[in-house]
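S.K.: What follows is start37.pdb; its format and atoms are PDB, C-alpha atoms and all ligand atoms.
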ATOM      1  CA  ILE A1467       0.000   0.000   0.000
ATOM      2  CA  LYS A1468       1.008   3.641  -0.553
ATOM      3  CA  ILE A1469       1.215   5.623   2.672
ATOM      4  CA  ALA A1470       1.184   9.387   3.232
ATOM      5  CA  VAL A1471       2.572  10.548   6.582
ATOM      6  CA  PHE A1472       1.532  13.942   7.972
ATOM      7  CA  ILE A1473       3.980  15.526  10.435
ATOM      8  CA  SER A1474       4.600  18.789  12.279
ATOM      9  CA  GLY A1475       7.793  18.099  14.175
ATOM     10  CA  ARG A1476      10.812  15.867  14.567
ATOM     11  CA  GLY A1477       9.148  12.898  12.842
ATOM     12  CA  SER A1478      10.316  10.111  15.157
ATOM     13  CA  ASN A1479       7.087   8.207  14.438
ATOM     14  CA  LEU A1480       7.779   8.644  10.717
ATOM     15  CA  GLU A1481      11.233   7.136  11.267
ATOM     16  CA  ALA A1482       9.697   4.210  13.144
ATOM     17  CA  ILE A1483       7.408   3.555  10.176
ATOM     18  CA  LEU A1484      10.286   3.744   7.692
ATOM     19  CA  ASP A1485      12.389   1.397   9.832
ATOM     20  CA  SER A1486       9.502  -1.076  10.032
ATOM     21  CA  ILE A1487       9.148  -0.975   6.231
ATOM     22  CA  ASN A1488      12.889  -1.581   5.897
ATOM     23  CA  ARG A1489      12.544  -4.607   8.192
ATOM     24  CA  GLU A1490       9.868  -5.770   5.743
ATOM     25  CA  GLU A1491       7.272  -5.872   8.513
ATOM     26  CA  ILE A1492       4.958  -3.449   6.708
ATOM     27  CA  LYS A1493       4.135  -4.342   3.103
ATOM     28  CA  GLY A1494       4.004  -0.803   1.821
ATOM     29  CA  GLU A1495       5.900   2.362   1.086
ATOM     30  CA  VAL A1496       5.824   5.926   2.383
ATOM     31  CA  ALA A1497       5.058   7.634  -0.928
ATOM     32  CA  LEU A1498       4.510  11.109   0.512
ATOM     33  CA  VAL A1499       5.292  13.220   3.578
ATOM     34  CA  ILE A1500       3.277  16.373   4.222
ATOM     35  CA  SER A1501       4.220  18.847   6.932
ATOM     36  CA  ASP A1502       2.221  21.849   8.128
ATOM     37  CA  ARG A1503       5.435  23.342   9.543
ATOM     38  CA  LYS A1504       8.138  24.554   7.143
ATOM     39  CA  ASP A1505      10.895  23.960   9.711
ATOM     40  CA  ALA A1506       9.771  20.463  10.722
ATOM     41  CA  LYS A1507      12.843  18.314  11.367
ATOM     42  CA  GLY A1508      10.928  15.380   9.930
ATOM     43  CA  LEU A1509      10.703  17.125   6.562
ATOM     44  CA  GLU A1510      14.502  17.293   6.426
ATOM     45  CA  ARG A1511      14.813  13.621   7.408
ATOM     46  CA  SER A1512      12.306  12.485   4.795
ATOM     47  CA  LYS A1513      14.085  14.493   2.087
ATOM     48  CA  GLU A1514      17.364  12.855   3.186
ATOM     49  CA  ARG A1515      15.650   9.517   2.673
ATOM     50  CA  SER A1516      14.476  10.780  -0.765
ATOM     51  CA  ILE A1517      10.782  10.585   0.051
ATOM     52  CA  PRO A1518       8.563  13.055  -1.862
ATOM     53  CA  SER A1519       8.033  15.640   0.901
ATOM     54  CA  VAL A1520       6.073  18.854   0.823
ATOM     55  CA  TYR A1521       5.342  21.727   3.158
ATOM     56  CA  ILE A1522       1.688  22.740   2.923
ATOM     57  CA  GLY A1523       0.916  25.380   5.503
ATOM     58  CA  LYS A1524      -0.385  28.841   6.186
ATOM     59  CA  SER A1525       2.562  30.671   4.650
ATOM     60  CA  ASN A1526       2.401  29.053   1.238
ATOM     61  CA  TYR A1527      -1.351  28.338   1.113
ATOM     62  CA  SER A1528      -2.797  31.154   3.164
ATOM     63  CA  ASP A1529      -6.496  30.219   3.124
ATOM     64  CA  ASN A1530      -7.843  26.907   4.348
ATOM     65  CA  GLU A1531      -9.549  26.043   1.056
ATOM     66  CA  SER A1532      -6.354  26.307  -0.999
ATOM     67  CA  ARG A1533      -4.512  24.213   1.625
ATOM     68  CA  VAL A1534      -7.173  21.494   1.464
ATOM     69  CA  ASP A1535      -7.180  21.517  -2.346
ATOM     70  CA  LYS A1536      -3.396  21.165  -2.451
ATOM     71  CA  ILE A1537      -3.409  18.316   0.057
ATOM     72  CA  LEU A1538      -6.132  16.466  -1.882
ATOM     73  CA  GLU A1539      -4.233  17.057  -5.122
ATOM     74  CA  VAL A1540      -0.967  15.499  -3.918
ATOM     75  CA  LEU A1541      -2.776  12.619  -2.180
ATOM     76  CA  GLU A1542      -4.459  11.789  -5.487
ATOM     77  CA  LEU A1543      -1.281  12.271  -7.505
ATOM     78  CA  LYS A1544       0.536   9.766  -5.284
ATOM     79  CA  GLU A1545      -2.432   7.351  -5.261
ATOM     80  CA  ILE A1546      -2.378   7.200  -1.459
ATOM     81  CA  ASP A1547      -4.182   4.275   0.232
ATOM     82  CA  LEU A1548      -3.541   5.229   3.867
ATOM     83  CA  ILE A1549      -2.914   8.555   5.618
ATOM     84  CA  VAL A1550      -0.978   8.408   8.912
ATOM     85  CA  LEU A1551      -1.024  11.426  11.237
ATOM     86  CA  ALA A1552       2.273  11.205  13.141
ATOM     87  CA  GLY A1553       2.673  14.175  15.449
ATOM     88  CA  TYR A1554       0.527  16.274  13.129
ATOM     89  CA  MET A1555      -0.737  19.372  14.907
ATOM     90  CA  SER A1556      -3.357  20.619  12.448
ATOM     91  CA  ILE A1557      -6.975  19.503  12.202
ATOM     92  CA  VAL A1558      -7.601  17.459   9.046
ATOM     93  CA  ASP A1559     -10.385  19.123   7.051
ATOM     94  CA  THR A1560     -13.676  17.196   7.030
ATOM     95  CA  SER A1561     -13.557  16.955   3.211
ATOM     96  CA  ILE A1562     -10.344  14.926   3.540
ATOM     97  CA  VAL A1563     -11.711  12.831   6.444
ATOM     98  CA  ARG A1564     -14.807  12.039   4.367
ATOM     99  CA  LYS A1565     -12.905  11.212   1.201
ATOM    100  CA  TYR A1566     -10.490   8.941   3.110
ATOM    101  CA  LYS A1567     -13.060   7.492   5.545
ATOM    102  CA  ASN A1568     -11.467   4.739   7.653
ATOM    103  CA  LYS A1569      -8.198   5.297   5.773
ATOM    104  CA  ILE A1570      -6.693   7.853   8.140
ATOM    105  CA  ILE A1571      -5.036   6.750  11.390
ATOM    106  CA  ASN A1572      -3.637   8.848  14.208
ATOM    107  CA  ILE A1573      -1.260   8.182  17.112
ATOM    108  CA  HIS A1574      -2.155   9.888  20.384
ATOM    109  CA  PRO A1575       0.125   9.822  23.472
ATOM    110  CA  SER A1576      -2.508   8.770  26.052
ATOM    111  CA  LEU A1577      -5.113   6.048  26.620
ATOM    112  CA  ILE A1578      -8.071   7.615  24.762
ATOM    113  CA  PRO A1579     -10.635   8.781  25.893
ATOM    114  CA  SER A1580      -8.489  10.016  28.800
ATOM    115  CA  PHE A1581      -6.455  13.175  28.186
ATOM    116  CA  SER A1582      -7.624  13.489  24.603
ATOM    117  CA  GLY A1583      -9.610  15.887  22.452
ATOM    118  CA  LYS A1584      -9.100  19.555  21.674
ATOM    119  CA  GLY A1585      -6.185  21.053  23.551
ATOM    120  CA  TYR A1586      -4.582  17.713  24.456
ATOM    121  CA  TYR A1587      -1.545  17.436  22.206
ATOM    122  CA  GLY A1588       2.188  16.771  22.488
ATOM    123  CA  SER A1589       3.804  17.310  25.873
ATOM    124  CA  PHE A1590       0.651  19.001  27.266
ATOM    125  CA  VAL A1591      -0.878  15.509  27.439
ATOM    126  CA  HIS A1592       1.891  14.259  29.751
ATOM    127  CA  LYS A1593       1.683  17.391  31.932
ATOM    128  CA  ALA A1594      -2.056  16.781  32.375
ATOM    129  CA  VAL A1595      -1.342  13.096  33.189
ATOM    130  CA  LEU A1596       1.189  14.047  35.906
ATOM    131  CA  ASP A1597      -0.994  16.841  37.291
ATOM    132  CA  TYR A1598      -3.956  14.495  37.582
ATOM    133  CA  GLY A1599      -1.878  11.834  39.310
ATOM    134  CA  VAL A1600      -2.971   8.789  37.279
ATOM    135  CA  LYS A1601      -0.730   5.723  37.708
ATOM    136  CA  ILE A1602      -1.175   4.308  34.221
ATOM    137  CA  THR A1603      -1.027   6.117  30.897
ATOM    138  CA  GLY A1604      -0.036   4.955  27.415
ATOM    139  CA  ALA A1605      -0.609   5.487  23.707
ATOM    140  CA  THR A1606      -3.470   4.904  21.291
ATOM    141  CA  VAL A1607      -3.679   4.361  17.543
ATOM    142  CA  HIS A1608      -7.153   5.104  16.205
ATOM    143  CA  PHE A1609      -9.008   5.806  12.994
ATOM    144  CA  VAL A1610      -9.663   9.505  12.431
ATOM    145  CA  ASP A1611     -13.279  10.630  12.280
ATOM    146  CA  GLU A1612     -14.669  14.154  12.025
ATOM    147  CA  ASP A1613     -13.982  15.041  15.638
ATOM    148  CA  THR A1614     -10.664  15.180  17.539
ATOM    149  CA  ASP A1615      -9.222  11.899  18.910
ATOM    150  CA  THR A1616     -12.668  10.229  18.860
ATOM    151  CA  GLY A1617     -12.396   7.655  16.054
ATOM    152  CA  PRO A1618     -12.500   3.853  16.538
ATOM    153  CA  VAL A1619      -9.537   2.562  18.574
ATOM    154  CA  ILE A1620      -7.181   0.172  16.767
ATOM    155  CA  ILE A1621      -4.385  -0.529  19.310
ATOM    156  CA  GLN A1622      -3.575   0.702  22.833
ATOM    157  CA  GLU A1623      -0.559  -0.041  25.023
ATOM    158  CA  ALA A1624      -0.202   0.969  28.699
ATOM    159  CA  VAL A1625       2.743   2.572  30.475
ATOM    160  CA  LYS A1626       3.225   2.907  34.275
ATOM    161  CA  VAL A1627       3.608   6.410  35.701
ATOM    162  CA  PHE A1628       6.386   6.548  38.344
ATOM    163  CA  ASP A1629       6.480   8.974  41.297
ATOM    164  CA  GLU A1630       9.710  10.516  40.034
ATOM    165  CA  ASP A1631       8.412  10.956  36.483
ATOM    166  CA  THR A1632       8.688  14.326  34.768
ATOM    167  CA  VAL A1633       7.040  15.394  31.494
ATOM    168  CA  ASP A1634      10.346  14.593  29.824
ATOM    169  CA  SER A1635      10.842  11.098  31.287
ATOM    170  CA  LEU A1636       7.189  10.150  30.772
ATOM    171  CA  SER A1637       6.977  11.479  27.201
ATOM    172  CA  LYS A1638      10.104   9.501  26.293
ATOM    173  CA  ARG A1639       8.648   6.264  27.682
ATOM    174  CA  VAL A1640       5.302   6.801  25.932
ATOM    175  CA  LEU A1641       7.071   7.724  22.679
ATOM    176  CA  GLY A1642       8.845   4.354  22.803
ATOM    177  CA  ILE A1643       5.429   2.647  22.886
ATOM    178  CA  GLU A1644       4.167   4.854  20.049
ATOM    179  CA  HIS A1645       7.056   3.653  17.914
ATOM    180  CA  GLU A1646       5.892   0.070  18.502
ATOM    181  CA  ILE A1647       2.130   0.301  18.098
ATOM    182  CA  LEU A1648       1.929   2.694  15.133
ATOM    183  CA  PRO A1649       3.884   0.430  12.743
ATOM    184  CA  LYS A1650       1.904  -2.544  14.094
ATOM    185  CA  ALA A1651      -1.412  -0.818  13.273
ATOM    186  CA  ILE A1652      -0.175   0.084   9.771
ATOM    187  CA  LYS A1653       0.917  -3.531   9.219
ATOM    188  CA  LEU A1654      -2.549  -4.787  10.203
ATOM    189  CA  PHE A1655      -4.186  -2.229   7.886
ATOM    190  CA  ALA A1656      -1.870  -3.168   5.005
ATOM    191  CA  GLU A1657      -2.709  -6.850   5.500
ATOM    192  CA  ASN A1658      -6.410  -5.957   5.522
ATOM    193  CA  LYS A1659      -6.742  -7.475   9.012
ATOM    194  CA  LEU A1660      -8.804  -4.634  10.535
ATOM    195  CA  VAL A1661     -12.593  -4.953  10.528
ATOM    196  CA  ILE A1662     -14.673  -1.976  11.703
ATOM    197  CA  GLU A1663     -18.104  -2.713  13.174
ATOM    198  CA  GLY A1664     -19.625   0.608  14.219
ATOM    199  CA  ARG A1665     -16.987   2.051  16.507
ATOM    200  CA  ILE A1666     -15.411  -1.326  17.341
ATOM    201  CA  VAL A1667     -12.292  -2.406  15.438
ATOM    202  CA  LYS A1668     -11.812  -6.185  15.341
ATOM    203  CA  ARG A1669      -8.943  -8.265  13.975
ATOM    204  CA  ARG A1670      -9.669 -10.548  11.048
ATOM    205  CA  ASP A1671      -7.717 -13.628  12.089
TER     206      ASP A1671
HETATM  207  C1  LIG B   1       4.864  13.253  20.158
HETATM  208  O1  LIG B   1       4.538  13.970  21.331
HETATM  209  C2  LIG B   1       3.896  12.154  19.980
HETATM  210  O2  LIG B   1       3.404  11.725  21.221
HETATM  211  C3  LIG B   1       2.787  12.751  19.196
HETATM  212  O3  LIG B   1       3.361  13.767  18.414
HETATM  213  C4  LIG B   1       4.595  14.181  19.020
HETATM  214  C5  LIG B   1       5.723  14.228  18.031
HETATM  215  O4  LIG B   1       5.954  12.980  17.497
HETATM  216  N1  LIG B   1       2.191  11.734  18.381
HETATM  217  P1  LIG B   1       7.080  12.774  16.340
HETATM  218  O5  LIG B   1       8.398  12.560  17.050
HETATM  219  O6  LIG B   1       7.100  14.051  15.500
HETATM  220  O7  LIG B   1       6.656  11.570  15.572
END
Rewrite the structure from the file as structure tokens, please.
M.R.:
Amino acid sequence: IKIAVFISGRGSNLEAILDSINREEIKGEVALVISDRKDAKGLERSKERSIPSVYIGKSNYSDNESRVDKILEVLELKEIDLIVLAGYMSIVDTSIVRKYKNKIINIHPSLIPSFSGKGYYGSFVHKAVLDYGVKITGATVHFVDEDTDTGPVIIQEAVKVFDEDTVDSLSKRVLGIEHEILPKAIKLFAENKLVIEGRIVKRRD
């Protein structure tokens, strides 16, 4: 399958996907990387790995409509089968979510529905986890629907929260889990092993 990865930052989840493809775990290729941040480190890395990579953001496509049109244009051009949001900080326009229904997956650094939804992104999630005092957190891969972090859950993995944890130590431990479960979810999708019944995702054996 042909995968498009959307990033905003360093792209460590993108790297994890590329490494998994290189280990021939995922039968697919990253045919496109789109970043909404011109200076995203991940954009540099993907160019180094000669992946077609493009910045599509407010400074080169000022209004939302032109941004959406450009994104749809490159997705079509590259015949994308699966969109992966990997540390992507922009909301995906509903026209894209509708066109790629159940073909967009997202990685979120908590056990959804806890610490998820508007405002819960990046390191803010881990700060909220520590401030609340929960003892277990984790990461979730889910299908993207028209709301934020509310689509059907594909895979979750838990992580213990230690008394001495800081945002930095916790985010590193959760990121390690993200790098495991995101490639796993993509592999299952590529092998057509995910069945969606309403909001429940089941594994075709
Ligand atoms: C990380 O905080 C991760 O939890 C979330 O996006 C952030 C950046 O990830 N998914 P990446 O290193 O850019 O993949």
S.K.: Can you list every residue of chain A that has an atom at most 10 Å from ligand LIG 1 (chain B), with its nearest atom pair and the distance in Å to one decimal, using only C-alpha atoms and all ligand atoms, ordered by chain then number, as CSV?
M.R.:
residue,atom,partner,partner_atom,distance
A:Val1471,CA,B:LIG1,O7,9.9
A:Phe1472,CA,B:LIG1,O6,9.4
A:Ile1473,CA,B:LIG1,O6,6.1
A:Ser1474,CA,B:LIG1,O6,6.3
A:Gly1475,CA,B:LIG1,O6,4.3
A:Arg1476,CA,B:LIG1,O6,4.2
A:Gly1477,CA,B:LIG1,O6,3.5
A:Ser1478,CA,B:LIG1,O5,3.6
A:Asn1479,CA,B:LIG1,O7,3.6
A:Leu1480,CA,B:LIG1,O7,5.8
A:Glu1481,CA,B:LIG1,O7,7.7
A:Ala1482,CA,B:LIG1,O7,8.3
A:Ile1483,CA,B:LIG1,O7,9.7
A:Ala1506,CA,B:LIG1,O6,8.4
A:Lys1507,CA,B:LIG1,O6,8.3
A:Gly1508,CA,B:LIG1,O6,6.9
A:Leu1551,CA,B:LIG1,N1,7.8
A:Ala1552,CA,B:LIG1,O7,5.0
A:Gly1553,CA,B:LIG1,O3,3.1
A:Tyr1554,CA,B:LIG1,O3,6.5
A:Met1555,CA,B:LIG1,O3,7.8
A:Asn1572,CA,B:LIG1,N1,7.7
A:Ile1573,CA,B:LIG1,N1,5.1
A:His1574,CA,B:LIG1,N1,5.1
A:Pro1575,CA,B:LIG1,O2,4.4
A:Ser1576,CA,B:LIG1,O2,8.2
A:Tyr1587,CA,B:LIG1,C3,7.1
A:Gly1588,CA,B:LIG1,O1,3.8
A:Ser1589,CA,B:LIG1,O1,5.7
A:Phe1590,CA,B:LIG1,O1,8.7
A:Val1591,CA,B:LIG1,O1,8.3
A:His1592,CA,B:LIG1,O1,8.8
A:Gly1604,CA,B:LIG1,O2,9.8
A:Ala1605,CA,B:LIG1,O2,7.8
A:Thr1606,CA,B:LIG1,N1,9.3
A:Val1607,CA,B:LIG1,N1,9.5
A:Ser1637,CA,B:LIG1,O1,6.8
A:Lys1638,CA,B:LIG1,O2,8.7
A:Arg1639,CA,B:LIG1,O2,10.0
A:Val1640,CA,B:LIG1,O2,7.1
A:Leu1641,CA,B:LIG1,O2,5.6
A:Gly1642,CA,B:LIG1,O2,9.3
A:Ile1643,CA,B:LIG1,O2,9.4
A:Glu1644,CA,B:LIG1,O2,7.0
A:His1645,CA,B:LIG1,O7,8.3
A:Leu1648,CA,B:LIG1,N1,9.6
S.K.: Using only C-alpha atoms for the distances, tell me which of A:Val1563, A:Ile1570, A:Val1520, A:Leu1541 is nearest to Ile1652 (chain A).
M.R.: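 Looking at the shortest contact to Ile1652 (chain A), the residue is A:Ile1570.
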S.K.: One decimal, in Å: what's the spacing between CA of Gly1523 (chain A) and CA of Glu1510 (chain A)?
M.R.: 15.8 Å
S.K.: Determine the residue membership of the PyMOL selection byres (((chain A and resi 1537) around 12) and not hetatm) for the file above and supply it as a PyMOL selection string.
M.R.: chain A and resi 1470-1472+1498-1502+1519-1523+1527+1530-1536+1538-1544+1546+1549+1558-1559+1561-1563+1565
S.K.: Identify, on the basis of only C-alpha atoms, every residue whose closest approach to Val1661 (chain A) does not exceed 12 Å; exclude the query and any residue fewer than 3 positions from it along the same chain; express the result as a list in words.
M.R.: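 Answer for this query is Asn1568, Phe1609, Pro1618, Val1619, Ile1620, Leu1654, Phe1655, Glu1657, Asn1658, Gly1664, Arg1665, Ile1666, Val1667, Lys1668, Arg1669, Arg1670 and Asp1671 of chain A.
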S.K.: Up to 12 Å from (1.7, 15.3, 34.8) in the file's coordinates: name the residues, counting only C-alpha atoms, as a list in words.
M.R.: Ser1576, Phe1581, Ser1589, Phe1590, Val1591, His1592, Lys1593, Ala1594, Val1595, Leu1596, Asp1597, Tyr1598, Gly1599, Val1600, Lys1601, Ile1602, Thr1603, Val1627, Phe1628, Asp1629, Glu1630, Asp1631, Thr1632, Val1633, Asp1634, Ser1635, Leu1636 and Ser1637 of chain A
S.K.: Have a look at A:Glu1490, A:Asp1485, A:Asp1613, A:Glu1495 and name the one nearest to Leu1548 (chain A); count all atoms listed in the file.
M.R.: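 The answer is A:Glu1495, which sits nearest to Leu1548 (chain A).
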S.K.: So how many Å separate CA of Pro1649 (chain A) and CA of Lys1569 (chain A), to one decimal?
M.R.: 14.8 Å
S.K.: As an exercise, work out the distance from CA of Ser1525 (chain A) to CA of Val1496 (chain A) in Å and give it to one decimal place.
M.R.: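 Straight-line distance from CA of Ser1525 (chain A) to CA of Val1496 (chain A) works out to 25.1 Å.
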S.K.: Between A:Pro1579, A:Ala1624, A:Ile1647, A:Arg1564, single out the one closest to Val1610 (chain A), counting all atoms listed in the file.
M.R.: A:Arg1564
S.K.: Could you tell me which of A:Leu1660, A:Ile1557, A:Ile1467, A:Leu1509 comes closest to Lys1584 (chain A) if we count all atoms listed in the file?
M.R.: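 Nearest candidate to Lys1584 (chain A) out of A:Leu1660, A:Ile1557, A:Ile1467, A:Leu1509: A:Ile1557.
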